[in-house]
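Chemist: Hey, dropping protein07.txt in here, compact mmCIF, C-alpha atoms and all ligand atoms:
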# COMPACT_ATOMS: atom_id res chain seq x y z
CA MET A 1 93.59 79.88 45.87
CA ALA A 2 93.28 76.73 47.91
CA ILE A 3 95.34 75.93 50.97
CA LEU A 4 95.47 72.66 52.86
CA VAL A 5 96.33 72.95 56.56
CA LEU A 6 98.26 69.96 57.94
CA SER A 7 99.45 71.46 61.19
CA ALA A 8 99.47 68.32 63.39
CA PRO A 9 100.41 67.95 66.19
CA LEU A 10 99.18 71.55 66.51
CA PRO A 11 95.39 71.91 66.10
CA ALA A 12 94.36 73.06 62.61
CA ALA A 13 91.36 75.17 63.65
CA PRO A 14 93.27 78.36 64.69
CA PHE A 15 95.23 78.37 61.40
CA VAL A 16 92.09 77.74 59.35
CA ALA A 17 90.29 80.57 61.18
CA ALA A 18 93.23 82.95 60.69
CA LEU A 19 93.50 82.16 56.97
CA ARG A 20 89.75 82.63 56.47
CA ALA A 21 89.77 85.89 58.43
CA ALA A 22 92.67 87.27 56.39
CA ALA A 23 91.36 86.12 52.99
CA PRO A 24 87.71 85.02 52.96
CA GLU A 25 87.93 84.34 49.22
CA VAL A 26 90.55 81.64 49.72
CA GLN A 27 89.47 78.02 49.97
CA VAL A 28 90.96 76.52 53.14
CA TRP A 29 90.84 72.83 54.02
CA THR A 30 92.15 70.42 56.58
CA ASP A 31 92.76 66.75 55.77
CA ALA A 32 89.47 65.94 57.54
CA ASP A 33 87.73 67.74 54.63
CA ALA A 34 89.32 65.31 52.11
CA PRO A 35 89.77 68.08 49.50
CA PRO A 36 90.13 67.24 45.78
CA PRO A 37 93.94 66.72 45.58
CA GLU A 38 94.31 68.58 42.25
CA ALA A 39 92.82 71.75 43.82
CA VAL A 40 95.49 72.08 46.51
CA GLU A 41 97.96 74.84 45.65
CA ALA A 42 99.68 75.31 49.00
CA ILE A 43 100.17 73.22 52.12
CA LEU A 44 100.67 74.78 55.54
CA ALA A 45 102.38 72.26 57.79
CA TRP A 46 104.72 71.69 60.73
CA ARG A 47 105.77 68.20 59.69
CA LEU A 48 104.79 65.78 56.91
CA LYS A 49 104.73 62.05 56.44
CA PRO A 50 106.86 60.55 53.66
CA GLY A 51 104.72 60.17 50.53
CA GLN A 52 102.13 62.71 51.67
CA LEU A 53 103.08 65.41 49.15
CA SER A 54 102.88 63.22 46.07
CA ALA A 55 99.06 63.16 46.40
CA TYR A 56 98.88 66.82 45.29
CA PRO A 57 99.79 67.20 41.59
CA ASN A 58 99.32 71.01 41.45
CA LEU A 59 101.16 71.89 44.64
CA ARG A 60 103.23 75.05 44.16
CA LEU A 61 104.17 76.03 47.74
CA LEU A 62 104.92 74.50 51.12
CA CYS A 63 104.61 76.86 54.11
CA SER A 64 105.82 76.16 57.63
CA THR A 65 103.69 76.96 60.66
CA GLY A 66 106.91 77.78 62.50
CA ALA A 67 110.27 79.44 62.09
CA GLY A 68 112.17 76.14 61.91
CA VAL A 69 111.69 74.05 58.78
CA GLU A 70 113.92 71.02 59.34
CA LYS A 71 110.95 68.65 59.58
CA LEU A 72 109.61 69.81 56.21
CA LEU A 73 113.00 69.76 54.49
CA SER A 74 113.73 66.24 55.69
CA VAL A 75 110.75 64.72 53.85
CA PRO A 76 112.39 62.36 51.34
CA ASP A 77 109.93 63.07 48.51
CA LEU A 78 110.01 66.89 48.72
CA PRO A 79 109.76 67.89 45.01
CA PRO A 80 113.09 69.46 43.94
CA GLY A 81 111.90 72.91 42.85
CA LEU A 82 109.02 73.34 45.31
CA PRO A 83 109.34 76.68 47.15
CA VAL A 84 109.32 76.32 50.93
CA SER A 85 108.58 79.32 53.09
CA ARG A 86 108.98 79.84 56.84
CA VAL A 87 107.49 82.27 59.35
CA VAL A 88 109.28 85.28 60.75
CA ASP A 89 107.19 86.76 63.59
CA PRO A 90 108.88 89.57 65.55
CA MET A 91 106.67 88.76 68.55
CA GLN A 92 107.94 85.18 68.57
CA ALA A 93 111.50 86.49 68.62
CA ARG A 94 110.62 88.82 71.50
CA THR A 95 109.00 86.14 73.64
CA MET A 96 111.98 83.87 73.02
CA ALA A 97 114.25 86.69 74.17
CA GLN A 98 112.16 87.00 77.37
CA TYR A 99 112.58 83.28 77.99
CA VAL A 100 116.33 83.46 77.46
CA ILE A 101 116.69 86.44 79.81
CA ALA A 102 114.60 84.69 82.49
CA CYS A 103 116.85 81.62 82.29
CA ALA A 104 120.06 83.65 82.15
CA LEU A 105 119.12 85.59 85.29
CA HIS A 106 118.00 82.40 87.03
CA PHE A 107 121.55 81.10 86.78
CA SER A 108 123.64 84.28 86.75
CA ARG A 109 121.84 85.73 89.84
CA ASP A 110 122.20 82.33 91.62
CA LEU A 111 118.46 81.78 92.13
CA PRO A 112 118.85 77.96 92.53
CA LEU A 113 121.38 78.62 95.32
CA TYR A 114 119.03 81.06 97.07
CA ALA A 115 116.06 78.67 96.63
CA ALA A 116 118.11 75.97 98.40
CA GLN A 117 119.02 78.42 101.17
CA GLN A 118 115.38 79.48 101.54
CA ALA A 119 114.43 75.82 102.04
CA ARG A 120 116.85 75.81 105.02
CA ALA A 121 115.75 79.28 106.23
CA GLU A 122 119.38 80.33 105.73
CA TRP A 123 120.17 84.06 105.47
CA ARG A 124 123.45 84.13 103.56
CA ARG A 125 124.54 86.67 100.93
CA HIS A 126 126.85 85.91 98.04
CA PRO A 127 128.64 88.41 95.83
CA VAL A 128 126.88 89.29 92.58
CA ARG A 129 128.74 87.78 89.65
CA PRO A 130 130.73 90.56 87.93
CA PRO A 131 129.93 91.37 84.26
CA GLU A 132 133.25 89.90 83.10
CA ARG A 133 132.00 86.51 84.33
CA CYS A 134 128.67 86.87 82.48
CA ARG A 135 129.82 87.16 78.88
CA VAL A 136 127.03 86.09 76.53
CA GLY A 137 127.71 84.13 73.34
CA ILE A 138 124.82 83.65 70.94
CA LEU A 139 124.89 80.93 68.29
CA GLY A 140 122.91 82.34 65.37
CA GLN A 141 122.46 85.69 63.70
CA GLY A 142 118.79 85.61 62.69
CA ALA A 143 115.73 87.39 64.05
CA VAL A 144 115.71 85.43 67.32
CA ALA A 145 119.45 85.86 67.92
CA GLN A 146 119.17 89.60 67.33
CA ALA A 147 116.15 89.94 69.67
CA VAL A 148 118.02 88.00 72.37
CA ALA A 149 121.11 90.19 71.95
CA ALA A 150 119.01 93.37 72.11
CA ALA A 151 117.43 92.17 75.37
CA PHE A 152 120.80 91.46 77.06
CA VAL A 153 122.58 94.71 76.21
CA PRO A 154 120.55 97.12 78.43
CA LEU A 155 121.16 94.75 81.37
CA GLY A 156 124.88 95.39 81.07
CA TYR A 157 125.93 92.08 79.53
CA SER A 158 128.54 91.97 76.78
CA VAL A 159 127.21 90.00 73.82
CA THR A 160 128.86 88.27 70.86
CA LEU A 161 126.87 86.75 68.03
CA TRP A 162 128.23 83.91 65.94
CA GLY A 163 127.08 82.67 62.52
CA ARG A 164 128.27 81.08 59.30
CA HIS A 165 128.88 84.36 57.47
CA ALA A 166 130.44 87.62 58.65
CA LYS A 167 127.77 90.20 59.50
CA GLN A 168 127.90 93.46 61.44
CA PHE A 169 125.42 94.32 64.19
CA ALA A 170 125.45 97.84 65.64
CA GLY A 171 126.81 97.85 69.18
CA LEU A 172 127.52 94.09 69.25
CA HIS A 173 130.55 91.92 68.66
CA SER A 174 130.19 89.25 66.01
CA LEU A 175 132.26 86.30 64.90
CA ALA A 176 131.80 84.13 61.84
CA GLY A 177 132.82 80.80 60.46
CA ALA A 178 133.80 77.41 61.81
CA ALA A 179 137.28 78.58 62.84
CA ALA A 180 135.85 81.35 65.06
CA LEU A 181 133.50 79.02 66.94
CA ALA A 182 136.21 77.97 69.42
CA GLN A 183 136.90 81.66 70.08
CA LEU A 184 133.21 82.28 70.81
CA LEU A 185 132.93 79.25 73.09
CA ALA A 186 136.04 80.20 75.06
CA CYS A 187 134.49 83.54 76.03
CA SER A 188 130.84 82.52 76.60
CA ASP A 189 129.86 82.23 80.25
CA LEU A 190 126.27 82.05 79.00
CA LEU A 191 125.92 80.26 75.67
CA VAL A 192 122.56 80.68 73.91
CA CYS A 193 121.72 78.47 70.95
CA THR A 194 119.21 79.94 68.48
CA LEU A 195 120.48 78.11 65.39
CA PRO A 196 118.32 76.39 62.78
CA LEU A 197 118.76 72.63 62.70
CA THR A 198 120.63 71.65 59.54
CA GLU A 199 123.14 68.97 58.56
CA ALA A 200 125.88 71.39 59.58
CA THR A 201 124.44 72.14 63.04
CA GLN A 202 123.14 68.68 64.03
CA GLY A 203 125.06 67.59 67.15
CA LEU A 204 127.10 70.81 67.19
CA LEU A 205 126.86 71.02 70.99
CA ASN A 206 128.82 67.88 71.75
CA ARG A 207 131.35 67.11 74.45
CA GLU A 208 134.27 68.56 72.50
CA ARG A 209 132.57 71.92 71.98
CA LEU A 210 130.83 72.20 75.36
CA ALA A 211 134.19 71.52 77.02
CA GLN A 212 135.54 74.65 75.32
CA LEU A 213 133.15 76.81 77.36
CA PRO A 214 134.72 78.39 80.47
CA ARG A 215 134.33 76.37 83.68
CA GLY A 216 131.03 77.29 85.33
CA ALA A 217 129.32 78.24 82.05
CA VAL A 218 125.60 77.79 81.43
CA LEU A 219 123.93 76.59 78.24
CA ILE A 220 120.51 77.89 77.12
CA ASN A 221 119.05 76.02 74.14
CA VAL A 222 116.05 77.47 72.30
CA GLY A 223 117.17 76.16 68.90
CA ARG A 224 116.42 72.49 68.45
CA GLY A 225 117.06 69.40 70.55
CA GLY A 226 119.14 67.97 67.70
CA HIS A 227 121.84 70.59 68.29
CA LEU A 228 122.73 69.10 71.65
CA VAL A 229 124.21 65.69 72.47
CA GLU A 230 122.25 65.27 75.70
CA ASP A 231 124.52 62.57 77.19
CA ASP A 232 127.57 64.79 76.65
CA LEU A 233 125.81 67.59 78.52
CA GLN A 234 125.09 65.24 81.41
CA ASP A 235 128.78 64.33 81.69
CA LEU A 236 129.89 67.97 81.72
CA LEU A 237 127.27 68.94 84.31
CA ASP A 238 128.20 66.00 86.54
CA GLU A 239 131.92 66.71 86.20
CA GLY A 240 131.24 70.30 87.30
CA HIS A 241 132.53 71.86 84.11
CA LEU A 242 129.12 73.35 83.34
CA ALA A 243 127.06 75.03 86.08
CA GLY A 244 123.67 74.59 84.47
CA ALA A 245 121.51 74.28 81.40
CA ALA A 246 118.11 75.69 80.47
CA LEU A 247 116.57 73.57 77.74
CA ASP A 248 113.31 74.31 75.93
CA VAL A 249 113.90 71.88 73.06
CA PHE A 250 114.87 68.21 73.12
CA GLU A 251 116.01 65.41 70.88
CA ARG A 252 112.66 63.70 71.58
CA GLU A 253 109.55 65.81 72.15
CA PRO A 254 107.57 65.42 74.32
CA LEU A 255 110.56 64.70 76.54
CA PRO A 256 110.01 61.14 77.82
CA ALA A 257 109.07 60.91 81.51
CA GLU A 258 112.10 58.68 82.19
CA SER A 259 114.61 61.23 80.80
CA TRP A 260 117.35 62.29 83.24
CA LEU A 261 116.78 65.85 82.05
CA TRP A 262 113.55 66.17 84.05
CA ARG A 263 115.36 65.41 87.29
CA HIS A 264 118.89 66.79 87.04
CA PRO A 265 119.41 69.48 89.73
CA LYS A 266 121.35 71.71 87.34
CA VAL A 267 118.80 71.53 84.50
CA LEU A 268 115.82 73.77 83.90
CA ALA A 269 113.60 71.92 81.41
CA THR A 270 110.52 73.46 79.75
CA PRO A 271 108.18 71.97 77.12
CA HIS A 272 109.08 74.00 73.97
CA ILE A 273 107.30 77.14 75.17
CA ALA A 274 109.96 79.82 74.63
CA GLY A 275 108.03 81.39 71.78
CA GLU A 276 105.53 80.52 69.12
CA ALA A 277 104.59 82.33 65.90
CA ARG A 278 101.12 83.88 66.08
CA GLU A 279 98.51 82.15 63.89
CA ALA A 280 97.53 85.48 62.30
CA VAL A 281 101.13 86.07 61.23
CA VAL A 282 101.47 82.49 59.96
CA ALA A 283 98.29 82.97 57.89
CA GLU A 284 99.32 86.39 56.55
CA GLN A 285 102.78 85.18 55.50
CA CYS A 286 101.38 81.97 53.96
CA LEU A 287 98.89 83.97 51.87
CA GLU A 288 101.59 86.45 50.86
CA ALA A 289 103.90 83.60 49.88
CA LEU A 290 101.19 82.06 47.72
CA ARG A 291 100.50 85.41 46.03
CA ALA A 292 104.24 85.74 45.35
CA VAL A 293 104.55 82.25 43.90
CA ARG A 294 101.50 82.84 41.72
CA ALA A 295 103.11 86.05 40.45
CA GLY A 296 106.34 84.20 39.69
CA ARG A 297 108.28 85.77 42.59
CA PRO A 298 110.04 83.97 45.44
CA PRO A 299 108.21 84.31 48.79
CA GLU A 300 109.66 86.94 51.13
CA TRP A 301 110.64 84.28 53.67
CA ALA A 302 111.67 81.61 51.17
CA VAL A 303 113.90 78.93 52.65
CA ASP A 304 117.28 78.32 51.06
CA ARG A 305 116.85 74.58 50.72
CA GLU A 306 120.62 74.05 50.31
CA ALA A 307 121.42 75.92 53.53
CA GLY A 308 118.42 74.38 55.34
CA TYR A 309 116.89 77.61 56.69
C1 LIG B 1 109.34 77.27 65.55
C2 LIG B 1 109.16 76.72 66.89
O1 LIG B 1 110.16 76.75 64.79
O2 LIG B 1 108.19 77.10 67.57
O3 LIG B 1 108.65 78.25 65.23
O4 LIG B 1 109.96 75.89 67.32
Produce structure tokens that represent the structure in this file.
Modeler:
Amino acid sequence: MAILVLSAPLPAAPFVAALRAAAPEVQVWTDADAPPPEAVEAILAWRLKPGQLSAYPNLRLLCSTGAGVEKLLSVPDLPPGLPVSRVVDPMQARTMAQYVIACALHFSRDLPLYAAQQARAEWRRHPVRPPERCRVGILGQGAVAQAVAAAFVPLGYSVTLWGRHAKQFAGLHSLAGAAALAQLLACSDLLVCTLPLTEATQGLLNRERLAQLPRGAVLINVGRGGHLVEDDLQDLLDEGHLAGAALDVFEREPLPAESWLWRHPKVLATPHIAGEAREAVVAEQCLEALRAVRAGRPPEWAVDREAGY
């Protein structure tokens, strides 16, 4: 087996080391090694340049270094039948859930208000927001959405998950389909986006939809920057309809220094750190996917290229 690691902008060395540790018999290259193109069976990548794949005539698998695959699926010359596989790391889902909880409590327990009071040495107590004003709506039903939901429930929050297809989750409410989205938005004081970025979800969080959230709601986005129309968010924050937003992902990353999002008093902006798949898990799942493809089976975490995730 021979795997080419093209993980830029992430450094290749940790992925190469993890692949070699998990399967010393496998040939692992980076593009700096200029491998013989016909020997490359699988590529492990985060994003690709147009035309890059056509150099490898015997390519039989494309693996993502992350959970989201929109950058790989958007390559115009992606060969039609090429299997694409993504990573599902339970630890990534857990760390993303920690991030979401930290942001949710930041807003729902009024920490910005108390930080401002502390700056004025002002001792003033405010009532704790009652649970009926902290209803959590989660966009998505995948591993991250489920980990986020599981983290909220023991804290006493009521949680509703929303996705394209009807699914049941023990102890949680769920809604499905485009028609039910308005229903979810109307009862989400905290809206958490964990969706994959696809044609159907691009720009989903626009003015029309954000305005359907209850007044004083907070948005937490750990999906992709492309889900959110950032200018629409600014309007709703400035008009007072939304109380805050915690954003870990942005339309442009790194977020440009001149972006209003760095400076807005109601925005908590972090540099895409909510959670990352571990290199050892990426390597293990890439090797397993290649074994599956070689045996004529679909990889366990094969992407549905039509659906986009
Ligand atoms: C991912 C990410 O998709 O880190 O895994 O954003």
Chemist: So what do you get for CA of Ala149 in chain A versus CA of Thr95 in chain A, distance-wise?
Modeler: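 For CA of Ala149 in chain A relative to CA of Thr95 in chain A, the distance reads 12.9 Å.
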Chemist: Extract, using only C-alpha atoms, all DNA, RNA and protein residues at most 12 Å from range 201-206 of chain A, discarding same-chain residues fewer than 4 positions from it, and format them as a PyMOL selection string.
Modeler: chain A and resi 70+139-140+163-164+178+181-182+185+191-197+210-213+219-221+223-236+250-251+307-309
Chemist: If the limit is 12 Å from any atom of ligand LIG 1 (chain B), counting all atoms listed in the file, which residues qualify? Return them as a count of residues only.
Modeler: 51
Chemist: So, counting all atoms listed in the file, which residue among A:Leu190, A:Ala97, A:Ala179, A:Ala269 is closest to Gly137 in chain A?
Modeler: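 Looking at the shortest contact to Gly137 in chain A, the residue is A:Leu190.
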Chemist: One decimal, in Å: what's the spacing between CA of Tyr114 in chain A and CA of Ser259 in chain A?
Modeler: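 Atom-to-atom, CA of Tyr114 in chain A to CA of Ser259 in chain A, that is 26.0 Å.
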Chemist: Between CA of Ile43 in chain A and CA of Leu62 in chain A, what is the distance, to one decimal in Å?
Modeler: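 Distance reported for this atom pair: 5.0 Å.
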Chemist: Tell me, as a list of chain:residue names, which residues lie within 10 Å of His264 in chain A, counting all atoms listed in the file; anything in the same chain fewer than 6 positions away does not count.
Modeler: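 The residues that qualify are A:Gln234, A:Leu237, A:Asp238, A:Gly244, A:Ala245.
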Chemist: So, with all atoms listed in the file as the atoms that count, which of A:Pro37, A:Pro298, A:Gly171, A:Pro130 lies closest to Ala150 in chain A?
Modeler: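 When distances to Ala150 in chain A are compared using all atoms listed in the file, the smallest one comes from A:Gly171.
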Chemist: Tell me which residues come within 12 Å of (101.5, 78.7, 50.3), as a ChimeraX atom specification, counting only C-alpha atoms in the file's coordinates.
Modeler: /A:1-5,19,26,28,40-45,58-65,82-87,282-294,298-302
Chemist: Using only C-alpha atoms, find each residue of range 29-144 of chain A with at least one atom at most 12 Å away from an atom of range 157-160 of chain A; report its shortest atom-to-atom pair and that distance in Å (one decimal), sort the rows by chain and rising residue number, and return the result as a tab-separated table.
Modeler:
residue	atom	partner	partner_atom	distance
A:Ile101	CA	A:Tyr157	CA	10.8
A:Ala104	CA	A:Tyr157	CA	10.6
A:Leu105	CA	A:Tyr157	CA	11.0
A:Ser108	CA	A:Tyr157	CA	10.9
A:Arg129	CA	A:Tyr157	CA	11.3
A:Pro130	CA	A:Tyr157	CA	9.8
A:Pro131	CA	A:Tyr157	CA	6.2
A:Glu132	CA	A:Ser158	CA	8.1
A:Arg133	CA	A:Tyr157	CA	9.5
A:Cys134	CA	A:Tyr157	CA	6.6
A:Arg135	CA	A:Ser158	CA	5.4
A:Val136	CA	A:Val159	CA	4.8
A:Gly137	CA	A:Thr160	CA	5.0
A:Ile138	CA	A:Thr160	CA	6.1
A:Leu139	CA	A:Thr160	CA	8.7
A:Gly140	CA	A:Thr160	CA	10.0
A:Gln141	CA	A:Thr160	CA	9.9
Chemist: Give me the box for range 77-83 of chain A as JSON, namely the centre and edge lengths in Å to one decimal of a box along x, y and z that holds every listed atom plus 4 Å on each side.
Modeler:
{"center_x": 111.1, "center_y": 69.9, "center_z": 45.8, "size_x": 12.1, "size_y": 21.6, "size_z": 13.9}
Chemist: Can you tell me which residues surround Asp110 in chain A at a distance of at most 12 Å, considering only C-alpha atoms, apart from same-chain residues fewer than 6 positions away, and format the answer as a PyMOL selection string?
Modeler: chain A and resi 103-104+116-117+125-129+216+218+243-244+266
Chemist: Can you write just those residues out, C-alpha atoms, as a PDB file, keeping the file's coordinate frame?
Modeler:
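In the end it all went to result-v7.pdb:
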ATOM      1  CA  CYS A 103     116.850  81.620  82.290  1.00  0.00           C
ATOM      2  CA  ALA A 104     120.060  83.650  82.150  1.00  0.00           C
ATOM      3  CA  ALA A 116     118.110  75.970  98.400  1.00  0.00           C
ATOM      4  CA  GLN A 117     119.020  78.420 101.170  1.00  0.00           C
ATOM      5  CA  ARG A 125     124.540  86.670 100.930  1.00  0.00           C
ATOM      6  CA  HIS A 126     126.850  85.910  98.040  1.00  0.00           C
ATOM      7  CA  PRO A 127     128.640  88.410  95.830  1.00  0.00           C
ATOM      8  CA  VAL A 128     126.880  89.290  92.580  1.00  0.00           C
ATOM      9  CA  ARG A 129     128.740  87.780  89.650  1.00  0.00           C
ATOM     10  CA  GLY A 216     131.030  77.290  85.330  1.00  0.00           C
ATOM     11  CA  VAL A 218     125.600  77.790  81.430  1.00  0.00           C
ATOM     12  CA  ALA A 243     127.060  75.030  86.080  1.00  0.00           C
ATOM     13  CA  GLY A 244     123.670  74.590  84.470  1.00  0.00           C
ATOM     14  CA  LYS A 266     121.350  71.710  87.340  1.00  0.00           C
TER      15      LYS A 266
END
Chemist: Missing atoms in range 170-183 of chain A should be modelled up to N, CA, C and O atoms and reported as a PDB file, keeping the file's coordinate frame.
Modeler:
ATOM      1  N   ALA A 170     125.077  96.608  64.917  1.00  0.00           N
ATOM      2  CA  ALA A 170     125.450  97.840  65.640  1.00  0.00           C
ATOM      3  C   ALA A 170     125.533  97.571  67.141  1.00  0.00           C
ATOM      4  O   ALA A 170     124.608  97.005  67.733  1.00  0.00           O
ATOM      5  N   GLY A 171     126.640  97.944  67.724  1.00  0.00           N
ATOM      6  CA  GLY A 171     126.810  97.850  69.180  1.00  0.00           C
ATOM      7  C   GLY A 171     127.108  96.457  69.694  1.00  0.00           C
ATOM      8  O   GLY A 171     127.154  96.245  70.902  1.00  0.00           O
ATOM      9  N   LEU A 172     127.272  95.470  68.803  1.00  0.00           N
ATOM     10  CA  LEU A 172     127.520  94.090  69.250  1.00  0.00           C
ATOM     11  C   LEU A 172     128.782  93.549  68.600  1.00  0.00           C
ATOM     12  O   LEU A 172     129.133  93.952  67.495  1.00  0.00           O
ATOM     13  N   HIS A 173     129.421  92.613  69.288  1.00  0.00           N
ATOM     14  CA  HIS A 173     130.550  91.920  68.660  1.00  0.00           C
ATOM     15  C   HIS A 173     129.962  90.792  67.828  1.00  0.00           C
ATOM     16  O   HIS A 173     128.948  90.207  68.192  1.00  0.00           O
ATOM     17  N   SER A 174     130.638  90.445  66.736  1.00  0.00           N
ATOM     18  CA  SER A 174     130.190  89.250  66.010  1.00  0.00           C
ATOM     19  C   SER A 174     131.396  88.496  65.486  1.00  0.00           C
ATOM     20  O   SER A 174     132.450  89.079  65.203  1.00  0.00           O
ATOM     21  N   LEU A 175     131.223  87.194  65.399  1.00  0.00           N
ATOM     22  CA  LEU A 175     132.260  86.300  64.900  1.00  0.00           C
ATOM     23  C   LEU A 175     131.617  85.418  63.844  1.00  0.00           C
ATOM     24  O   LEU A 175     130.418  85.147  63.919  1.00  0.00           O
ATOM     25  N   ALA A 176     132.409  84.954  62.885  1.00  0.00           N
ATOM     26  CA  ALA A 176     131.800  84.130  61.840  1.00  0.00           C
ATOM     27  C   ALA A 176     132.720  82.996  61.436  1.00  0.00           C
ATOM     28  O   ALA A 176     133.948  83.099  61.515  1.00  0.00           O
ATOM     29  N   GLY A 177     132.083  81.906  61.046  1.00  0.00           N
ATOM     30  CA  GLY A 177     132.820  80.800  60.460  1.00  0.00           C
ATOM     31  C   GLY A 177     133.244  79.753  61.469  1.00  0.00           C
ATOM     32  O   GLY A 177     133.346  80.030  62.679  1.00  0.00           O
ATOM     33  N   ALA A 178     133.489  78.551  60.950  1.00  0.00           N
ATOM     34  CA  ALA A 178     133.800  77.410  61.810  1.00  0.00           C
ATOM     35  C   ALA A 178     135.024  77.692  62.684  1.00  0.00           C
ATOM     36  O   ALA A 178     135.046  77.349  63.875  1.00  0.00           O
ATOM     37  N   ALA A 179     136.033  78.362  62.101  1.00  0.00           N
ATOM     38  CA  ALA A 179     137.280  78.580  62.840  1.00  0.00           C
ATOM     39  C   ALA A 179     137.056  79.483  64.053  1.00  0.00           C
ATOM     40  O   ALA A 179     137.755  79.361  65.066  1.00  0.00           O
ATOM     41  N   ALA A 180     136.074  80.397  63.961  1.00  0.00           N
ATOM     42  CA  ALA A 180     135.850  81.350  65.060  1.00  0.00           C
ATOM     43  C   ALA A 180     134.961  80.778  66.157  1.00  0.00           C
ATOM     44  O   ALA A 180     134.791  81.407  67.208  1.00  0.00           O
ATOM     45  N   LEU A 181     134.413  79.572  65.932  1.00  0.00           N
ATOM     46  CA  LEU A 181     133.500  79.020  66.940  1.00  0.00           C
ATOM     47  C   LEU A 181     134.231  78.771  68.264  1.00  0.00           C
ATOM     48  O   LEU A 181     133.708  79.080  69.344  1.00  0.00           O
ATOM     49  N   ALA A 182     135.453  78.245  68.187  1.00  0.00           N
ATOM     50  CA  ALA A 182     136.210  77.970  69.420  1.00  0.00           C
ATOM     51  C   ALA A 182     136.438  79.267  70.197  1.00  0.00           C
ATOM     52  O   ALA A 182     136.358  79.291  71.438  1.00  0.00           O
ATOM     53  N   GLN A 183     136.692  80.340  69.458  1.00  0.00           N
ATOM     54  CA  GLN A 183     136.900  81.660  70.080  1.00  0.00           C
ATOM     55  C   GLN A 183     135.625  82.100  70.815  1.00  0.00           C
ATOM     56  O   GLN A 183     135.684  82.589  71.934  1.00  0.00           O
TER      57      GLN A 183
END
